[in-house]
Every structure is written in C-alpha cells, then in structure tokens.
Amino acid sequence: MKRILLALLLTIGSAKADLVVIGHPKSGVEALNAKQVQDIYLGRTRAFPNLKFALPIDQANYRRAEFYELLTGRSLEQINAYWARIVFTGQASPPLQLPNDAAVLSTVRDNEGAIGYIDRASVDGSVRVLLLLRK
Amino acid sequence: MLYYGALPVYHYDGGDISKRFEVGEGFLTVKAFGGHAFFQVPLDQSSYFDASSTLAAGSLSYEQGNWRARLSVVYNHSNNEIPLMLAALLRDPRVNGVWPGAASLSSELSIRGKTAYYNMVGLAYDDGTWLAQAEAAYIDSTVSFYPSTASAYLSLGRRFGPVTVYSLFGIAESLRHDVKLSSPALPLPELAALREGVDFAINGNGVDEKSLALGARWDVYENVDVKFEWSHYWLGQQGDQLWDRREFGPVPGNVNVWSVGIDFLF
C-alpha cells in the first residue's frame, strides 16, 4: 500500500513539475528564449546565438512529450511527423535520446555544446538554466 | 507522378554545398549542386537507351515558424544521342530523294547538346495539425519531343493523432505548338507509315493531365509509416508523356491508381 501511495505521489509530483532547459556554464550562453530553443530542437539551426555548436539532447521517456508540448504546443506525434519530413529530405537528424534526467545532466555537464531538458527539481550547480518551461 | 514525373529518377553523381543564414525571424538556406545524371529511356518494347546529362542547380529556401518557401533552378545538358531508327531513316539519301526536307526533321529527334531548365517555386505551411503545400514548375526545354511544360499542385492535409488525411490536386500541360511535317512527294504506304511514326515521335509526347488524390498516412512508429492513396488522372489528347506506354494506341482518358506504401527511416 505504501508503495502504491509513493508511486502515486511521485506521479503527481512529476506531472506538476516544471522543466528547465540546461546548458554548460562555459557555453557562453546566459539564457535562451523559447524560439531559440525551438530552432535548435527542430533542427532549424545547429548553433547557439553566439554561433557556437549546439548539441540538443532529447529524453527517451514521457518527459519528451511534456517538453515539446510546453515548448511548441505540438504533440509527440506531430513532432515525429515533423522529423520524418526533415530526415527524409536529408536536412538533419533528430536529437540524440538519453534515458533520464541523470544522463542528460551528466552529458551537459561534460560537453560545452550540449543542451538538454530536465525536471526543475533535478538541477544542480554544475549546469546553467537557459530557459524555464512552466506547466 | 504528375508533378515530378518529368524528372529522371535514376543515378546522380555529384556534389552539393549549402549555407544557412539567420535572416529576420527565420532561416535562409542557399544551396548549389552540380553533377551528372544517368538514366534509361525506354525505346520500344524490349530495349532501353542509356542517357547521360550534366546538371547544375541552385536553390533558395526560407523557413520561418510554420512556413517554408523554396525557389530553385536546375540546368540540364544532354550529353549523348538517342539511337533512334527513325532519325537514321530520315537522314537516308534515298528517303530524302522522295521526301524532300526529311533530313531536317532528324534534328527534331536529337537530344545531344540540347538543354532544359527546371524552374520551381513552392510554399508550405504546417502548424502540426493542418498542412498545406503548393508548388509550381516550368520546364523550359529545347528538345522537340520533350516539350516545355508547366505544372503545379496544391495539397491540403490534417493530422488526427498518428493519422494524417490529405488531398492533392495537380495539373500539368505542355506549352508548345506542334511541329508541322512536310509530306512525301510519292504516295507510298511505306513513306506514309514513316511520316506517321515521325509525327508521333515528335508531336505525340505532350503532357496534358489533371489529377486528384486522396490519401491517409499512418505513423505506426517513430520511424515507420504506412500510406494509402487513391489517385485519379484525366489525360488529354497526346498528353500521356509521363506514362510508360509500350504500344502505340489511343490515349486513355482516365487512369485510377490505388497504392499502399511503407516508409522506413534507418
């Protein structure tokens, strides 16, 4: 019973959590707006506004759908259809997918060009918050 | 089919270079391409001709939010000659003896050194739910039996979860006048047959068609989709150039095509 309650609390907690877009402290980027993050995650640009290379990282779990819904207002099915066109026409490849917040945090911490999104509660001082996406 | 059918779809060897700029609220992509194309042209029921051409192209595309616009020009230069029996006959002195001017018609069946420009402009909208796309093209050709052609299409679609329902209307038409053939001096059946064959080869390859398509695309997985489509084509007189017809005969007025396709992304 306790396990069920805990799972329920976690589910509610995750459903209400805000997401943050994070980057490396040495990327030279202090903050990004929603359009700039969209351009990076939708393959329209491969660089930050300071022209340094940007490596977007997706998550291979429910957070991916939350992220795109908050960022673009589009469902995951619509995002997948969008990427199908981009990939078929040879323009770009979709972002690399990592399994969870910890993996994204670790990758962004170790790569100056990496950009990812995680639960706001998972942020620590090793990365810089570039954008807050409120639910 | 109607819009892209005139483009050869075989092998390309070449290279391209592109550069993307942030312009205003969107992104402008400038692209250049150059290379060689190799493709097979059906000559009759059992033989093909290996054609070769040199290509050069440039395009501009602009993307802003849900909108995309594109402008492109492709230059095509044919490098070799089609070995047509008809052309050889037209150059035969014996034929020219009874059909004055026949030799000059052989140049109408020539492609070597001839050029074609594919000029295209397109606009697309996709807000995640509604999709619209339109393209228009003008092929400016100096090959007599591959006449200059204008074509366009408009496509509208709507996504319902993993299924996209779409419709498409297209139109294509040749924009040239027929080449007038002189008549043989002697009323021989063989010469009449030759003239008819030459007339068909030069003037019988126009494009005159309209099409309507209805379809649905189901995104089964992130990297797999299944597409169902019904297309209906209305073909005008001598307007079936885009169709691979193996025998001479009356032009079919209507064609229905049902298709099911599976696309994979690796």
# chains A, B, ... in the order shown; residues from 1 in each chain; ligands from 1
>>> interface_residues(of="chain B", to="chain A", cutoff="6 Å", atoms="only C-alpha atoms", output="PyMOL selection string")
chain B and resi 128+162+222
>>> residues_around(residues="Gly113 (chain B)", least_positions_apart="6", cutoff="9 Å", atoms="only C-alpha atoms", output="PDB file with all heavy atoms, in the first residue's frame")
ATOM      1  N   HIS B  77      21.944  19.470 -69.366  1.00  0.00           N
ATOM      2  CA  HIS B  77      22.548  19.451 -70.702  1.00  0.00           C
ATOM      3  C   HIS B  77      22.722  17.995 -71.112  1.00  0.00           C
ATOM      4  O   HIS B  77      23.433  17.233 -70.448  1.00  0.00           O
ATOM      5  CB  HIS B  77      23.906  20.166 -70.658  1.00  0.00           C
ATOM      6  CG  HIS B  77      24.618  20.175 -71.976  1.00  0.00           C
ATOM      7  ND1 HIS B  77      25.402  19.125 -72.410  1.00  0.00           N
ATOM      8  CD2 HIS B  77      24.655  21.105 -72.959  1.00  0.00           C
ATOM      9  CE1 HIS B  77      25.893  19.422 -73.599  1.00  0.00           C
ATOM     10  NE2 HIS B  77      25.453  20.602 -73.958  1.00  0.00           N
ATOM     11  N   SER B  78      22.094  17.601 -72.197  1.00  0.00           N
ATOM     12  CA  SER B  78      22.161  16.199 -72.633  1.00  0.00           C
ATOM     13  C   SER B  78      23.484  15.933 -73.341  1.00  0.00           C
ATOM     14  O   SER B  78      23.882  16.685 -74.240  1.00  0.00           O
ATOM     15  CB  SER B  78      21.005  15.886 -73.591  1.00  0.00           C
ATOM     16  OG  SER B  78      19.777  16.037 -72.924  1.00  0.00           O
ATOM     17  N   ASN B  79      24.126  14.848 -72.962  1.00  0.00           N
ATOM     18  CA  ASN B  79      25.481  14.579 -73.471  1.00  0.00           C
ATOM     19  C   ASN B  79      25.548  13.582 -74.625  1.00  0.00           C
ATOM     20  O   ASN B  79      26.520  13.565 -75.362  1.00  0.00           O
ATOM     21  CB  ASN B  79      26.368  14.057 -72.335  1.00  0.00           C
ATOM     22  CG  ASN B  79      26.570  15.100 -71.266  1.00  0.00           C
ATOM     23  OD1 ASN B  79      26.629  16.290 -71.553  1.00  0.00           O
ATOM     24  ND2 ASN B  79      26.647  14.667 -70.019  1.00  0.00           N
ATOM     25  N   ASN B  80      24.553  12.737 -74.778  1.00  0.00           N
ATOM     26  CA  ASN B  80      24.643  11.746 -75.851  1.00  0.00           C
ATOM     27  C   ASN B  80      23.339  11.661 -76.639  1.00  0.00           C
ATOM     28  O   ASN B  80      22.317  12.216 -76.226  1.00  0.00           O
ATOM     29  CB  ASN B  80      25.074  10.375 -75.322  1.00  0.00           C
ATOM     30  CG  ASN B  80      24.248   9.943 -74.138  1.00  0.00           C
ATOM     31  OD1 ASN B  80      23.369  10.669 -73.696  1.00  0.00           O
ATOM     32  ND2 ASN B  80      24.517   8.765 -73.632  1.00  0.00           N
ATOM     33  N   GLU B  81      23.420  10.978 -77.743  1.00  0.00           N
ATOM     34  CA  GLU B  81      22.307  10.948 -78.693  1.00  0.00           C
ATOM     35  C   GLU B  81      21.477   9.674 -78.542  1.00  0.00           C
ATOM     36  O   GLU B  81      22.042   8.597 -78.306  1.00  0.00           O
ATOM     37  CB  GLU B  81      22.878  11.021 -80.120  1.00  0.00           C
ATOM     38  CG  GLU B  81      21.861  11.367 -81.176  1.00  0.00           C
ATOM     39  CD  GLU B  81      21.248  12.743 -80.973  1.00  0.00           C
ATOM     40  OE1 GLU B  81      20.258  12.827 -80.228  1.00  0.00           O
ATOM     41  OE2 GLU B  81      21.755  13.718 -81.552  1.00  0.00           O
TER      42      GLU B  81
END
>>> residues_around(residues="Asp58 (chain A)", least_positions_apart="4", cutoff="8 Å", atoms="only C-alpha atoms", output="PyMOL selection string")
chain A and resi 64+95-98+116-117
>>> closest_residue(among="A:Val129, A:Ala102, A:Ala54, A:Ala17", to="Ile40 (chain A)", atoms="only C-alpha atoms")
A:Ala54
>>> atom_distance(atom1="CA of Arg91 (chain B)", atom2="CA of Ser148 (chain B)")
25.9 Å
>>> residues_around(residues="Ser27 (chain A)", least_positions_apart="4", cutoff="10 Å", atoms="only C-alpha atoms", output="VMD selection string")
chain A and resid 23 48 50 52 to 54 111 to 115 128
>>> select_by_dssp(residues="chain A", states="helix (DSSP H, G or I)", output="NGL selection string")
:A and (2-16 or 34-41 or 62-72 or 76-88 or 101-110 or 120-122)
>>> atom_distance(atom1="CA of Asp13 (chain B)", atom2="CA of Phe33 (chain B)")
10.4 Å
>>> select_by_dssp(residues="region 46-105 of chain A", states="strand (DSSP E)", output="list in words")
Leu55, Pro56, Ile57, Asp58, Gln59, Leu96, Gln97 and Leu98 of chain A
>>> atom_distance(atom1="CA of Ala172 (chain B)", atom2="CA of Gly236 (chain B)")
10.3 Å
>>> residues_around(residues="Leu181 (chain B)", least_positions_apart="2", cutoff="9 Å", atoms="only C-alpha atoms", output="MDAnalysis selection string")
chainID B and resid 102 105 179 183 195 198:199
>>> closest_residue(among="B:Ile202, B:Leu28, B:Ala57, B:Ala216", to="Ser110 (chain B)", atoms="only C-alpha atoms")
B:Ile202
>>> residues_around(residues="Arg120 (chain A)", least_positions_apart="4", cutoff="6 Å", atoms="only C-alpha atoms", output="short mmCIF file (atom, residue, chain, number, x, y, z; two decimals) with all heavy atoms, in the first residue's frame")
data_model
loop_
_atom_site.label_atom_id
_atom_site.label_comp_id
_atom_site.auth_asym_id
_atom_site.auth_seq_id
_atom_site.Cartn_x
_atom_site.Cartn_y
_atom_site.Cartn_z
N ASP A 18 7.87 21.61 -13.25
CA ASP A 18 8.30 22.43 -14.37
C ASP A 18 9.56 21.80 -14.98
O ASP A 18 10.28 21.06 -14.32
CB ASP A 18 8.64 23.84 -13.89
CG ASP A 18 7.41 24.57 -13.35
OD1 ASP A 18 6.30 24.28 -13.85
OD2 ASP A 18 7.55 25.39 -12.44
N LEU A 19 9.81 22.13 -16.23
CA LEU A 19 11.03 21.66 -16.89
C LEU A 19 11.99 22.82 -17.08
O LEU A 19 11.56 23.97 -17.23
CB LEU A 19 10.71 21.04 -18.26
CG LEU A 19 9.85 19.79 -18.28
CD1 LEU A 19 9.66 19.31 -19.72
CD2 LEU A 19 10.48 18.68 -17.45
N VAL A 20 13.26 22.53 -17.08
CA VAL A 20 14.25 23.57 -17.38
C VAL A 20 15.13 23.09 -18.52
O VAL A 20 15.45 21.90 -18.63
CB VAL A 20 15.13 23.91 -16.15
CG1 VAL A 20 14.35 24.72 -15.13
CG2 VAL A 20 15.71 22.66 -15.53
#
>>> residues_around(residues="Ile118 (chain A)", least_positions_apart="3", cutoff="9 Å", atoms="only C-alpha atoms", output="list in words")
Asp18, Leu19, Val20, Val21, Ile22, Gln59, Arg63, Phe67, Asn100, Asp101, Ala102, Val104, Leu105, Ala121, Ser122 and Val123 of chain A
>>> closest_residue(among="B:Val220, B:Leu235, B:Ala56, B:Ala192", to="Leu265 (chain B)", atoms="only C-alpha atoms")
B:Val220
>>> decode(residues="region 21-44 of chain A", atoms="N, CA, C and O atoms", output="PDB file, in the first residue's frame")
ATOM      1  N   VAL A  21      15.489  24.030 -19.380  1.00  0.00           N
ATOM      2  CA  VAL A  21      16.445  23.750 -20.444  1.00  0.00           C
ATOM      3  C   VAL A  21      17.815  24.148 -19.896  1.00  0.00           C
ATOM      4  O   VAL A  21      17.978  25.261 -19.385  1.00  0.00           O
ATOM      5  N   ILE A  22      18.751  23.221 -19.986  1.00  0.00           N
ATOM      6  CA  ILE A  22      20.054  23.467 -19.364  1.00  0.00           C
ATOM      7  C   ILE A  22      21.190  23.431 -20.393  1.00  0.00           C
ATOM      8  O   ILE A  22      21.097  22.768 -21.422  1.00  0.00           O
ATOM      9  N   GLY A  23      22.258  24.172 -20.054  1.00  0.00           N
ATOM     10  CA  GLY A  23      23.450  24.175 -20.883  1.00  0.00           C
ATOM     11  C   GLY A  23      24.687  24.166 -20.011  1.00  0.00           C
ATOM     12  O   GLY A  23      24.601  24.238 -18.776  1.00  0.00           O
ATOM     13  N   HIS A  24      25.826  24.085 -20.671  1.00  0.00           N
ATOM     14  CA  HIS A  24      27.091  24.070 -19.926  1.00  0.00           C
ATOM     15  C   HIS A  24      27.439  25.497 -19.471  1.00  0.00           C
ATOM     16  O   HIS A  24      27.218  26.450 -20.227  1.00  0.00           O
ATOM     17  N   PRO A  25      27.977  25.647 -18.264  1.00  0.00           N
ATOM     18  CA  PRO A  25      28.317  27.002 -17.777  1.00  0.00           C
ATOM     19  C   PRO A  25      29.309  27.729 -18.669  1.00  0.00           C
ATOM     20  O   PRO A  25      29.346  28.966 -18.691  1.00  0.00           O
ATOM     21  N   LYS A  26      30.129  26.986 -19.418  1.00  0.00           N
ATOM     22  CA  LYS A  26      31.126  27.635 -20.277  1.00  0.00           C
ATOM     23  C   LYS A  26      30.671  27.752 -21.740  1.00  0.00           C
ATOM     24  O   LYS A  26      31.484  27.996 -22.627  1.00  0.00           O
ATOM     25  N   SER A  27      29.393  27.550 -21.993  1.00  0.00           N
ATOM     26  CA  SER A  27      28.903  27.627 -23.381  1.00  0.00           C
ATOM     27  C   SER A  27      28.898  29.066 -23.891  1.00  0.00           C
ATOM     28  O   SER A  27      28.796  29.302 -25.102  1.00  0.00           O
ATOM     29  N   GLY A  28      28.966  30.012 -22.959  1.00  0.00           N
ATOM     30  CA  GLY A  28      28.907  31.411 -23.378  1.00  0.00           C
ATOM     31  C   GLY A  28      27.485  31.902 -23.564  1.00  0.00           C
ATOM     32  O   GLY A  28      27.261  33.016 -24.011  1.00  0.00           O
ATOM     33  N   VAL A  29      26.518  31.050 -23.258  1.00  0.00           N
ATOM     34  CA  VAL A  29      25.110  31.419 -23.408  1.00  0.00           C
ATOM     35  C   VAL A  29      24.512  31.580 -22.005  1.00  0.00           C
ATOM     36  O   VAL A  29      24.542  30.659 -21.199  1.00  0.00           O
ATOM     37  N   GLU A  30      23.975  32.771 -21.746  1.00  0.00           N
ATOM     38  CA  GLU A  30      23.405  33.044 -20.422  1.00  0.00           C
ATOM     39  C   GLU A  30      21.964  32.551 -20.335  1.00  0.00           C
ATOM     40  O   GLU A  30      21.542  32.028 -19.316  1.00  0.00           O
ATOM     41  N   ALA A  31      21.215  32.768 -21.399  1.00  0.00           N
ATOM     42  CA  ALA A  31      19.801  32.376 -21.416  1.00  0.00           C
ATOM     43  C   ALA A  31      19.336  32.282 -22.863  1.00  0.00           C
ATOM     44  O   ALA A  31      19.959  32.846 -23.775  1.00  0.00           O
ATOM     45  N   LEU A  32      18.253  31.543 -23.071  1.00  0.00           N
ATOM     46  CA  LEU A  32      17.645  31.429 -24.401  1.00  0.00           C
ATOM     47  C   LEU A  32      16.151  31.686 -24.266  1.00  0.00           C
ATOM     48  O   LEU A  32      15.559  31.401 -23.217  1.00  0.00           O
ATOM     49  N   ASN A  33      15.556  32.197 -25.334  1.00  0.00           N
ATOM     50  CA  ASN A  33      14.093  32.296 -25.313  1.00  0.00           C
ATOM     51  C   ASN A  33      13.500  31.061 -25.997  1.00  0.00           C
ATOM     52  O   ASN A  33      14.230  30.233 -26.575  1.00  0.00           O
ATOM     53  N   ALA A  34      12.175  30.945 -25.925  1.00  0.00           N
ATOM     54  CA  ALA A  34      11.509  29.730 -26.427  1.00  0.00           C
ATOM     55  C   ALA A  34      11.777  29.529 -27.921  1.00  0.00           C
ATOM     56  O   ALA A  34      11.983  28.395 -28.378  1.00  0.00           O
ATOM     57  N   LYS A  35      11.785  30.618 -28.695  1.00  0.00           N
ATOM     58  CA  LYS A  35      12.008  30.480 -30.138  1.00  0.00           C
ATOM     59  C   LYS A  35      13.405  29.954 -30.427  1.00  0.00           C
ATOM     60  O   LYS A  35      13.591  29.096 -31.309  1.00  0.00           O
ATOM     61  N   GLN A  36      14.383  30.443 -29.676  1.00  0.00           N
ATOM     62  CA  GLN A  36      15.760  29.982 -29.898  1.00  0.00           C
ATOM     63  C   GLN A  36      15.907  28.498 -29.567  1.00  0.00           C
ATOM     64  O   GLN A  36      16.593  27.752 -30.282  1.00  0.00           O
ATOM     65  N   VAL A  37      15.240  28.056 -28.504  1.00  0.00           N
ATOM     66  CA  VAL A  37      15.292  26.627 -28.151  1.00  0.00           C
ATOM     67  C   VAL A  37      14.548  25.794 -29.200  1.00  0.00           C
ATOM     68  O   VAL A  37      14.998  24.726 -29.612  1.00  0.00           O
ATOM     69  N   GLN A  38      13.414  26.321 -29.666  1.00  0.00           N
ATOM     70  CA  GLN A  38      12.672  25.629 -30.746  1.00  0.00           C
ATOM     71  C   GLN A  38      13.550  25.443 -31.980  1.00  0.00           C
ATOM     72  O   GLN A  38      13.588  24.365 -32.582  1.00  0.00           O
ATOM     73  N   ASP A  39      14.228  26.509 -32.362  1.00  0.00           N
ATOM     74  CA  ASP A  39      15.066  26.436 -33.568  1.00  0.00           C
ATOM     75  C   ASP A  39      16.141  25.358 -33.436  1.00  0.00           C
ATOM     76  O   ASP A  39      16.447  24.650 -34.402  1.00  0.00           O
ATOM     77  N   ILE A  40      16.696  25.226 -32.240  1.00  0.00           N
ATOM     78  CA  ILE A  40      17.722  24.196 -32.022  1.00  0.00           C
ATOM     79  C   ILE A  40      17.102  22.802 -32.010  1.00  0.00           C
ATOM     80  O   ILE A  40      17.586  21.879 -32.673  1.00  0.00           O
ATOM     81  N   TYR A  41      15.987  22.637 -31.313  1.00  0.00           N
ATOM     82  CA  TYR A  41      15.392  21.308 -31.173  1.00  0.00           C
ATOM     83  C   TYR A  41      14.626  20.851 -32.415  1.00  0.00           C
ATOM     84  O   TYR A  41      14.374  19.658 -32.578  1.00  0.00           O
ATOM     85  N   LEU A  42      14.250  21.777 -33.274  1.00  0.00           N
ATOM     86  CA  LEU A  42      13.551  21.386 -34.503  1.00  0.00           C
ATOM     87  C   LEU A  42      14.504  21.350 -35.698  1.00  0.00           C
ATOM     88  O   LEU A  42      14.071  21.261 -36.844  1.00  0.00           O
ATOM     89  N   GLY A  43      15.796  21.432 -35.424  1.00  0.00           N
ATOM     90  CA  GLY A  43      16.787  21.260 -36.485  1.00  0.00           C
ATOM     91  C   GLY A  43      16.941  22.440 -37.412  1.00  0.00           C
ATOM     92  O   GLY A  43      17.549  22.326 -38.479  1.00  0.00           O
ATOM     93  N   ARG A  44      16.376  23.601 -37.041  1.00  0.00           N
ATOM     94  CA  ARG A  44      16.484  24.763 -37.928  1.00  0.00           C
ATOM     95  C   ARG A  44      17.860  25.399 -37.848  1.00  0.00           C
ATOM     96  O   ARG A  44      18.294  26.073 -38.775  1.00  0.00           O
TER      97      ARG A  44
END
